[in-house]
>>> print(open('target-v5.tsv').read())   # TSV, C-alpha atoms
chain	number	residue	atom	x	y	z
A	216	MET	CA	-15.81	-218.81	297.84
A	217	ASP	CA	-15.55	-219.11	294.05
A	218	PHE	CA	-12.64	-216.69	294.10
A	219	ILE	CA	-10.77	-218.59	296.82
A	220	LEU	CA	-11.20	-221.92	295.04
A	221	GLY	CA	-10.01	-220.51	291.72
A	222	PHE	CA	-7.16	-218.67	293.44
A	223	VAL	CA	-5.93	-221.87	295.11
A	224	LEU	CA	-6.03	-223.60	291.73
A	225	LEU	CA	-3.88	-220.84	290.20
A	226	LEU	CA	-1.41	-221.10	293.10
A	227	ILE	CA	-1.18	-224.88	292.67
A	228	PHE	CA	-0.40	-224.50	288.96
A	229	GLN	CA	2.20	-221.86	289.78
A	230	LEU	CA	3.73	-224.22	292.35
A	231	LEU	CA	3.85	-227.03	289.78
A	232	GLY	CA	5.45	-224.60	287.32
A	233	GLU	CA	8.09	-223.52	289.85
A	234	ALA	CA	8.87	-227.16	290.65
A	235	LEU	CA	9.26	-228.09	286.96
A	236	VAL	CA	11.55	-225.08	286.39
A	237	ILE	CA	13.90	-226.37	289.09
A	238	PHE	CA	13.64	-230.00	288.06
A	239	PHE	CA	14.24	-229.50	284.33
A	240	GLU	CA	16.45	-226.40	284.78
A	241	LEU	CA	14.15	-224.44	282.43
A	242	PRO	CA	15.12	-220.93	281.26
A	243	VAL	CA	11.67	-219.46	282.04
A	244	SER	CA	9.85	-218.42	285.22
A	245	GLY	CA	7.51	-220.68	287.20
A	246	PRO	CA	4.31	-218.73	286.40
A	247	VAL	CA	5.03	-218.94	282.64
A	248	VAL	CA	5.31	-222.74	282.89
A	249	GLY	CA	2.13	-222.55	285.01
A	250	ILE	CA	0.31	-220.96	282.03
A	251	VAL	CA	1.28	-223.87	279.79
A	252	LEU	CA	0.28	-226.46	282.42
A	253	LEU	CA	-3.07	-224.80	283.12
A	254	LEU	CA	-3.79	-224.39	279.40
A	255	GLY	CA	-3.03	-228.09	278.90
A	256	ALA	CA	-5.33	-229.01	281.80
A	257	LEU	CA	-8.14	-226.82	280.37
A	258	ILE	CA	-7.79	-228.42	276.93
A	259	ILE	CA	-8.02	-231.90	278.50
A	260	LYS	CA	-10.98	-230.87	280.70
A	261	GLY	CA	-12.69	-229.05	277.82
A	262	SER	CA	-14.16	-226.17	279.85
A	263	VAL	CA	-13.30	-223.45	282.39
A	264	GLY	CA	-14.97	-223.86	285.79
A	265	LYS	CA	-16.87	-221.01	287.41
A	266	SER	CA	-14.33	-220.60	290.23
A	267	LEU	CA	-11.34	-220.42	287.89
A	268	ASN	CA	-13.17	-217.96	285.66
A	269	THR	CA	-13.98	-215.72	288.65
A	270	ALA	CA	-10.43	-215.79	290.02
A	271	SER	CA	-8.72	-215.17	286.69
A	272	THR	CA	-11.10	-212.38	285.64
A	273	THR	CA	-10.63	-210.65	289.01
A	274	LEU	CA	-6.83	-210.95	289.02
A	275	LEU	CA	-6.37	-210.00	285.35
A	276	GLY	CA	-8.75	-207.06	285.78
A	277	HIS	CA	-6.36	-205.56	288.34
A	278	LEU	CA	-3.08	-206.64	286.83
A	279	SER	CA	-1.76	-203.09	286.76
A	280	ILE	CA	-1.60	-202.64	290.56
A	281	MET	CA	0.52	-205.77	290.92
A	282	PHE	CA	3.45	-204.31	289.05
A	283	VAL	CA	3.44	-201.03	290.98
A	284	PRO	CA	5.63	-202.20	293.93
A	285	VAL	CA	8.54	-203.40	291.81
A	286	SER	CA	8.28	-200.51	289.34
A	287	VAL	CA	8.47	-197.99	292.19
A	288	GLY	CA	12.01	-199.38	292.42
A	289	LEU	CA	12.70	-197.27	289.29
A	290	MET	CA	13.36	-194.47	291.81
A	291	ALA	CA	16.45	-196.39	292.88
A	292	HIS	CA	17.73	-196.03	289.30
A	293	TYR	CA	17.32	-192.27	289.27
A	294	GLN	CA	20.96	-191.78	288.24
A	295	LEU	CA	20.79	-194.30	285.38
A	296	LEU	CA	17.56	-192.74	284.06
A	297	MET	CA	19.07	-189.25	284.21
A	298	ASP	CA	22.17	-190.45	282.35
A	299	GLU	CA	20.37	-192.49	279.68
A	300	TRP	CA	16.96	-190.87	279.29
A	301	LEU	CA	17.58	-190.01	275.63
A	302	PRO	CA	18.50	-193.50	274.28
A	303	ILE	CA	15.77	-195.03	276.46
A	304	THR	CA	13.06	-192.68	275.15
A	305	ILE	CA	14.13	-193.04	271.50
A	306	THR	CA	14.29	-196.84	271.87
A	307	LEU	CA	10.83	-197.13	273.44
A	308	ILE	CA	9.12	-194.96	270.83
A	309	GLY	CA	11.17	-196.15	267.83
A	310	SER	CA	10.98	-199.86	268.56
A	311	THR	CA	7.26	-199.63	269.37
A	312	ILE	CA	6.50	-197.96	266.00
A	313	ILE	CA	8.64	-200.54	264.15
A	314	MET	CA	6.84	-203.40	265.91
A	315	LEU	CA	3.32	-202.03	265.37
A	316	ILE	CA	3.92	-201.56	261.64
A	317	SER	CA	5.84	-204.79	261.00
A	318	THR	CA	3.56	-207.14	262.98
A	319	ALA	CA	0.38	-205.66	261.44
A	320	LEU	CA	1.79	-205.98	257.91
A	321	ILE	CA	3.28	-209.46	258.39
A	322	MET	CA	-0.03	-210.71	259.82
A	323	SER	CA	-1.97	-209.15	256.88
A	324	PHE	CA	0.29	-210.65	254.22
A	325	ALA	CA	0.58	-214.06	255.90
A	326	SER	CA	-3.21	-214.29	256.25
A	327	LYS	CA	-3.88	-213.23	252.65
A	328	PHE	CA	-1.46	-215.89	251.51
A	329	LEU	CA	-3.17	-218.51	253.67
A	330	ILE	CA	-6.71	-217.54	252.62
A	331	LYS	CA	-5.74	-217.80	248.92
A	332	GLU	CA	-4.36	-221.27	249.55
A	333	THR	CA	-7.52	-222.38	251.35
A	334	LYS	CA	-9.71	-221.14	248.47
A	335	HIS	CA	-7.50	-223.04	246.05
A	336	ASP	CA	-7.92	-226.23	248.07
A	337	LEU	CA	-11.70	-225.85	248.05
B	158	MET	CA	5.23	-190.80	327.15
B	159	THR	CA	4.87	-187.21	326.08
B	160	PHE	CA	2.76	-186.27	323.06
B	161	ASP	CA	5.85	-185.87	320.87
B	162	GLU	CA	7.20	-189.26	321.90
B	163	LYS	CA	3.87	-190.85	321.05
B	164	ILE	CA	3.86	-189.24	317.62
B	165	SER	CA	7.38	-190.44	316.85
B	166	ALA	CA	6.45	-193.92	318.11
B	167	ILE	CA	3.56	-193.95	315.61
B	168	TRP	CA	5.89	-192.73	312.83
B	169	LEU	CA	8.37	-195.50	313.70
B	170	MET	CA	5.58	-198.09	313.56
B	171	LEU	CA	4.43	-196.74	310.16
B	172	GLN	CA	7.94	-196.97	308.73
B	173	GLY	CA	8.48	-200.54	309.91
B	174	SER	CA	5.03	-202.01	309.25
B	175	PRO	CA	3.98	-203.74	306.02
B	176	LEU	CA	0.65	-201.94	306.50
B	177	THR	CA	2.16	-198.73	305.11
B	178	GLY	CA	3.31	-200.21	301.81
B	179	ILE	CA	0.08	-202.14	301.26
B	180	SER	CA	-2.22	-199.22	302.12
B	181	LEU	CA	-0.19	-196.73	300.11
B	182	THR	CA	-0.22	-198.94	296.99
B	183	LEU	CA	-3.95	-199.68	297.23
B	184	LEU	CA	-4.87	-196.05	297.93
B	185	ALA	CA	-2.77	-194.86	294.98
B	186	TYR	CA	-4.47	-197.46	292.78
B	187	VAL	CA	-7.99	-196.45	293.88
B	188	LEU	CA	-7.15	-192.83	293.12
B	189	ALA	CA	-5.60	-193.79	289.77
B	190	MET	CA	-8.64	-195.85	288.75
B	191	TYR	CA	-10.92	-192.96	289.66
B	192	LEU	CA	-8.92	-190.55	287.48
B	193	TYR	CA	-8.76	-193.09	284.64
B	194	LYS	CA	-12.55	-193.53	284.60
B	195	LYS	CA	-13.13	-189.77	284.95
B	196	SER	CA	-10.87	-189.15	281.92
B	197	ASN	CA	-12.90	-191.67	279.88
B	198	TYR	CA	-9.98	-194.15	279.77
B	199	GLN	CA	-7.23	-191.97	278.32
B	200	PRO	CA	-4.18	-194.22	277.78
B	201	VAL	CA	-1.93	-191.44	279.13
B	202	LEU	CA	-3.70	-191.79	282.49
B	203	SER	CA	-3.09	-195.55	282.67
B	204	PRO	CA	-3.70	-196.55	286.33
B	205	PHE	CA	-0.26	-198.10	286.44
B	206	ILE	CA	1.57	-194.87	285.61
B	207	THR	CA	-0.56	-192.75	287.96
B	208	SER	CA	-0.20	-195.21	290.87
B	209	MET	CA	3.54	-195.37	290.38
B	210	VAL	CA	3.90	-191.60	290.29
B	211	VAL	CA	1.74	-191.22	293.44
B	212	VAL	CA	3.67	-193.86	295.40
B	213	ILE	CA	7.09	-192.50	294.38
B	214	SER	CA	6.01	-188.95	295.28
B	215	VAL	CA	4.76	-190.03	298.72
B	216	LEU	CA	7.99	-191.93	299.42
B	217	LEU	CA	10.15	-188.99	298.34
B	218	ILE	CA	8.13	-186.50	300.41
B	219	THR	CA	7.97	-188.63	303.58
B	220	GLY	CA	11.50	-190.00	303.23
B	221	ILE	CA	10.32	-193.62	303.65
B	222	SER	CA	12.95	-195.84	302.01
B	223	TYR	CA	12.15	-198.19	299.13
B	224	GLN	CA	13.11	-201.17	301.33
B	225	ASP	CA	10.60	-200.12	304.01
B	226	TYR	CA	7.92	-199.58	301.36
B	227	PHE	CA	8.58	-202.95	299.74
B	228	ALA	CA	8.12	-204.73	303.09
B	229	GLY	CA	4.42	-204.13	302.40
B	230	GLY	CA	4.59	-203.84	298.61
B	231	LYS	CA	5.82	-207.42	298.32
B	232	PHE	CA	2.41	-208.75	299.36
B	233	ILE	CA	0.83	-207.10	296.32
B	234	HIS	CA	3.85	-208.03	294.20
B	235	PHE	CA	3.27	-211.68	295.14
B	236	LEU	CA	-0.10	-211.70	293.31
B	237	LEU	CA	1.74	-211.35	289.98
B	238	GLY	CA	2.52	-215.09	290.03
B	239	PRO	CA	-1.06	-216.42	290.14
B	240	ALA	CA	-2.22	-213.55	287.88
B	241	THR	CA	0.29	-214.62	285.22
B	242	VAL	CA	-0.91	-218.23	285.45
B	243	ALA	CA	-4.46	-216.87	285.01
B	244	LEU	CA	-3.53	-215.77	281.45
B	245	ALA	CA	-4.18	-219.41	280.48
B	246	VAL	CA	-7.93	-218.77	280.78
B	247	PRO	CA	-8.33	-216.04	278.09
B	248	LEU	CA	-5.84	-217.99	275.97
B	249	TYR	CA	-8.06	-221.08	276.26
B	250	HIS	CA	-11.12	-219.04	275.25
B	251	GLN	CA	-9.30	-217.93	272.06
B	252	LEU	CA	-8.18	-221.44	271.04
B	253	HIS	CA	-10.66	-221.81	268.13
B	254	ARG	CA	-9.51	-218.49	266.65
B	255	ILE	CA	-5.87	-219.53	267.01
B	256	LYS	CA	-6.61	-222.73	265.08
B	257	GLN	CA	-8.29	-220.71	262.29
B	258	LEU	CA	-5.29	-218.45	261.70
B	259	PHE	CA	-2.69	-220.71	263.22
B	260	ILE	CA	0.13	-220.39	260.68
B	261	PRO	CA	-0.07	-216.59	260.09
B	262	ILE	CA	-0.20	-216.07	263.86
B	263	ILE	CA	2.86	-218.24	264.48
B	264	ILE	CA	4.83	-216.50	261.68
B	265	THR	CA	3.91	-213.07	263.04
B	266	LEU	CA	4.64	-214.15	266.61
B	267	ILE	CA	8.14	-215.45	265.88
B	268	ALA	CA	8.93	-212.41	263.71
B	269	SER	CA	7.68	-210.05	266.41
B	270	VAL	CA	9.95	-211.54	269.08
B	271	PHE	CA	12.99	-211.07	266.83
B	272	ILE	CA	11.97	-207.62	265.57
B	273	GLY	CA	11.08	-206.43	269.06
B	274	ALA	CA	14.30	-207.53	270.73
B	275	LEU	CA	16.62	-206.63	267.84
B	276	SER	CA	15.11	-203.19	267.19
B	277	ALA	CA	15.18	-202.36	270.90
B	278	ILE	CA	18.78	-203.49	271.42
B	279	GLY	CA	19.88	-201.97	268.10
B	280	ILE	CA	18.38	-198.53	268.70
B	281	ALA	CA	19.52	-198.47	272.33
B	282	ASP	CA	23.05	-199.41	271.27
B	283	LEU	CA	23.05	-196.84	268.45
B	284	PHE	CA	22.14	-194.03	270.84
B	285	GLY	CA	24.69	-195.04	273.43
B	286	ALA	CA	22.73	-196.90	276.11
B	287	SER	CA	24.79	-199.13	278.41
B	288	VAL	CA	24.73	-202.91	277.97
B	289	GLN	CA	22.84	-203.24	281.27
B	290	THR	CA	20.13	-200.91	279.92
B	291	GLN	CA	20.02	-202.74	276.57
B	292	ILE	CA	19.40	-206.04	278.37
B	293	SER	CA	16.77	-204.45	280.60
B	294	ILE	CA	14.93	-202.90	277.64
B	295	ALA	CA	14.92	-206.10	275.50
B	296	PRO	CA	11.79	-207.70	277.06
B	297	LYS	CA	9.79	-204.44	276.85
B	298	SER	CA	6.97	-205.80	274.69
B	299	VAL	CA	5.73	-208.51	277.04
B	300	THR	CA	3.34	-208.07	279.90
B	301	THR	CA	5.17	-206.53	282.85
B	302	PRO	CA	5.18	-209.54	285.26
B	303	VAL	CA	6.68	-211.71	282.54
B	304	ALA	CA	9.14	-208.96	281.56
B	305	MET	CA	10.34	-208.95	285.16
B	306	GLY	CA	10.83	-212.71	285.17
B	307	ILE	CA	12.72	-212.59	281.87
B	308	SER	CA	14.84	-209.65	283.02
B	309	GLU	CA	15.85	-211.56	286.13
B	310	GLN	CA	16.92	-214.52	284.01
B	311	ILE	CA	19.00	-212.55	281.51
B	312	GLY	CA	20.64	-210.38	284.16
B	313	GLY	CA	18.79	-207.11	283.56
B	314	ILE	CA	17.62	-204.64	286.20
B	315	VAL	CA	14.24	-206.09	287.14
B	316	SER	CA	12.51	-202.89	288.24
B	317	LEU	CA	13.90	-201.01	285.23
B	318	SER	CA	12.49	-203.69	282.89
B	319	ALA	CA	9.13	-203.50	284.65
B	320	GLY	CA	8.93	-199.73	284.26
B	321	LEU	CA	10.08	-199.83	280.62
B	322	ALA	CA	7.63	-202.61	279.70
B	323	ALA	CA	4.76	-200.68	281.26
B	324	THR	CA	5.82	-197.52	279.45
B	325	THR	CA	5.90	-199.45	276.15
B	326	GLY	CA	2.31	-200.48	276.87
B	327	VAL	CA	1.33	-196.83	277.27
B	328	VAL	CA	3.25	-195.71	274.14
B	329	GLY	CA	1.75	-198.46	271.94
B	330	GLY	CA	-1.72	-197.86	273.34
B	331	ILE	CA	-1.52	-194.18	272.38
B	332	MET	CA	-0.04	-194.65	268.90
B	333	GLY	CA	-1.44	-198.03	267.76
B	334	ILE	CA	-4.79	-197.08	266.19
B	335	LYS	CA	-3.30	-194.09	264.35
B	336	ILE	CA	-0.44	-196.15	262.93
B	337	PHE	CA	-2.77	-198.92	261.73
B	338	SER	CA	-4.95	-196.49	259.79
B	339	LEU	CA	-1.81	-194.83	258.41
B	340	ILE	CA	-0.53	-198.11	256.92
B	341	GLY	CA	-4.04	-199.19	255.89
B	342	VAL	CA	-4.48	-202.31	258.02
B	343	LYS	CA	-8.22	-202.45	258.73
B	344	ASP	CA	-8.93	-206.04	259.84
B	345	ASP	CA	-9.56	-206.04	263.59
B	346	ARG	CA	-8.00	-209.47	263.99
B	347	PHE	CA	-4.70	-208.25	262.52
B	348	ARG	CA	-4.78	-204.89	264.31
B	349	GLY	CA	-5.53	-206.65	267.60
B	350	LEU	CA	-2.74	-209.18	267.26
B	351	ALA	CA	-0.20	-206.47	266.40
B	352	MET	CA	-1.37	-204.39	269.35
B	353	GLY	CA	-1.05	-207.27	271.82
B	354	LEU	CA	2.33	-208.40	270.50
B	355	THR	CA	3.70	-204.85	270.80
B	356	SER	CA	2.09	-203.35	273.86
B	357	HIS	CA	0.59	-206.21	275.89
B	358	GLY	CA	-1.90	-205.26	278.63
B	359	LEU	CA	-2.45	-201.59	278.00
B	360	GLY	CA	-2.66	-202.15	274.25
B	361	THR	CA	-5.29	-204.81	274.96
B	362	ALA	CA	-7.32	-202.39	277.08
B	363	VAL	CA	-7.30	-199.89	274.16
B	364	ALA	CA	-8.13	-202.65	271.66
B	365	PHE	CA	-11.23	-203.68	273.63
B	366	GLN	CA	-12.54	-200.12	273.25
B	367	GLU	CA	-12.32	-200.50	269.46
B	368	SER	CA	-14.08	-203.86	269.21
B	369	ASN	CA	-14.39	-207.20	270.97
B	370	THR	CA	-12.58	-208.98	268.15
B	371	MET	CA	-9.66	-206.58	268.32
B	372	GLY	CA	-9.54	-206.92	272.11
B	373	ALA	CA	-9.63	-210.71	271.98
B	374	PHE	CA	-6.83	-210.86	269.41
B	375	SER	CA	-4.78	-208.36	271.38
B	376	GLY	CA	-5.16	-210.54	274.48
B	377	LEU	CA	-4.07	-213.50	272.38
B	378	GLY	CA	-1.02	-211.59	271.13
B	379	MET	CA	-0.12	-210.61	274.67
B	380	ALA	CA	-0.34	-214.17	275.99
B	381	LEU	CA	1.57	-215.67	273.04
B	382	ALA	CA	4.29	-213.00	273.14
B	383	SER	CA	4.73	-213.54	276.87
B	384	PHE	CA	5.78	-217.09	276.82
B	385	THR	CA	7.42	-217.15	273.40
B	386	THR	CA	9.65	-214.26	274.46
B	387	ALA	CA	10.36	-215.98	277.78
B	388	PHE	CA	11.65	-219.01	275.91
B	389	MET	CA	13.38	-217.22	273.01
B	390	LEU	CA	14.95	-214.09	274.47
B	391	PRO	CA	17.57	-215.71	276.75
B	392	TRP	CA	18.63	-217.88	273.82
B	393	LEU	CA	18.62	-214.94	271.35
B	394	LEU	CA	20.72	-212.75	273.64
B	395	SER	CA	23.34	-215.43	274.20
B	396	ALA	CA	23.40	-216.12	270.45
B	397	LEU	CA	24.15	-212.41	269.95
B	398	ALA	CA	26.83	-212.69	272.66
B	399	ILE	CA	25.16	-209.91	274.65
B	400	ILE	CA	24.80	-212.02	277.79
>>> encode(input="target-v5.tsv", output="C-alpha cells")
Amino acid sequence: MDFILGFVLLLIFQLLGEALVIFFELPVSGPVVGIVLLLGALIIKGSVGKSLNTASTTLLGHLSIMFVPVSVGLMAHYQLLMDEWLPITITLIGSTIIMLISTALIMSFASKFLIKETKHDL
Amino acid sequence: MTFDEKISAIWLMLQGSPLTGISLTLLAYVLAMYLYKKSNYQPVLSPFITSMVVVISVLLITGISYQDYFAGGKFIHFLLGPATVALAVPLYHQLHRIKQLFIPIIITLIASVFIGALSAIGIADLFGASVQTQISIAPKSVTTPVAMGISEQIGGIVSLSAGLAATTGVVGGIMGIKIFSLIGVKDDRFRGLAMGLTSHGLGTAVAFQESNTMGAFSGLGMALASFTTAFMLPWLLSALAII
C-alpha cells in the first residue's frame, strides 16, 4: 500500500508538471518540472513520508529497465550507426574523459577558494 | 483447427499482444540483473546494456517488429515519468550538503553543462558526424529518461539519444575512478559530483561502491545535471545556431 500511495503522489506531481509545461510553454519535459515541484513541496513539508520514500526507492532502484524499450529502438538506426560509428565512439569516449577531468578539477579549485574565504571570515 | 493452424494462431497472438513486449523486457532484465550480481557489479555488464542486447537479439531472431515489441514495451517506458519525478527525493536528502558547498557546486554544474555539450558537438563535428547525430549526442551526460525528453525537444533522434546517454554512463563508470587518481583528485565529494555530472546513473552506482559520500554526491550531480541541462541545452543549441 505504501508503494501505491507514493506512486500516485509521483504521478500527480508529473501531471502538474505536464500541465505547467503546456500552460507556460516551458522548454523542458513534464517530469523535470515535476522534480522541481516535488522538491519544493518537500522543502515546505520538511520531511519525506514513508510512502513516497518506498515508491521513489523502488522506482529509482530499477531505473535501468525503464529505458530499455526506447533504446531497443537503436536497432531501427542500424544504418546510421554503421555509417557513423567512428565519430560516435570517439565523441563518447573523448567527451567523457574531458568532462570527468574538468568537472573534478573545477570543483576542487572552486571549493579550495571557498574554504579559504570562509577561514578568512572566521 | 489443425495443430499447425493452432500454432500459427498462437504466434499471431504473441506478435499482436502487449504481453510479449512486457514479458520479454522483464525477463531480459531479470537475466541481466543475475549476470550483473554474479560478476560482482562489473560496469561493463550494466543491466541496461545486457537487457538491451538480449531484447534486440530476440527481436532479430524471431522477426518481431519494433512496433509490435513497443506495443508492450511502452507500459514499462511509461514508468520513466514517475521515476524521473522521484529524483526529487534523493535531491531533498542532499539539501544540507548542497548548502555547504553551494557556490562551488553551481560553478561546476554550469561549467559541466557547457563543457559536456560543446565537447560532444565539437568532437562529433570534427570527426564528421551528421548534424542529426550531433544533436542526438548533445544530452549524453544526463540520466537517460531526461536525455530522451531533451532530445525530443531539440529535434534529435530520441532512441539514439537514449542509447548514447546510457553508453556514456557505462564509459564514465569504467574510467572515472582511474582518471580521478591520475589527476590527483582524492576528495570523495568532488569525485562523486564529477562522476554524477558526467555519467549519471551508472556512474552513481559505481560511486556508491567507493563510499557513501561519493555515491551521494554523484546522485546530486546526476539530479542537478538533469534539470540544468534540460533548461540550458535547447537555449545553448539555438544560440550556436545548430537547431
>>> closest_residue(input="target-v5.tsv", among="B:Leu171, B:Val215, B:Ile280, B:Ala323", to="chain A", atoms="all atoms listed in the file")
B:Ile280
>>> closest_residue(input="target-v5.tsv", among="A:Thr304, A:Ser326, A:Thr273, A:Gln294", to="chain B", atoms="all atoms listed in the file")
A:Ser326
>>> interface_residues(input="target-v5.tsv", of="chain B", to="chain A", cutoff="7 Å", atoms="all atoms listed in the file", output="ChimeraX atom specification")
/B:186,204-205,208-209,213,223,227,230-231,233-234,236-246,249,261-262,265,269,272-273,276-277,280-281,284-286,301-302,306-307,316-317,319-320,325,328-329,333,342,347-348,351-352,355,384,387-388
>>> axis_aligned_box(input="target-v5.tsv", around="stretch 284-290 of chain A", padding_each_side="5 Å", output="lines of an AutoDock Vina configuration file")
center_x = 9.5
center_y = -198.9
center_z = 291.6
size_x = 17.7
size_y = 18.9
size_z = 14.6
>>> atom_distance(input="target-v5.tsv", atom1="atom CA of B:Phe374", atom2="atom CA of B:Val270")
16.8 Å
>>> atom_distance(input="target-v5.tsv", atom1="atom CA of A:Glu233", atom2="atom CA of B:Ile267")
25.3 Å
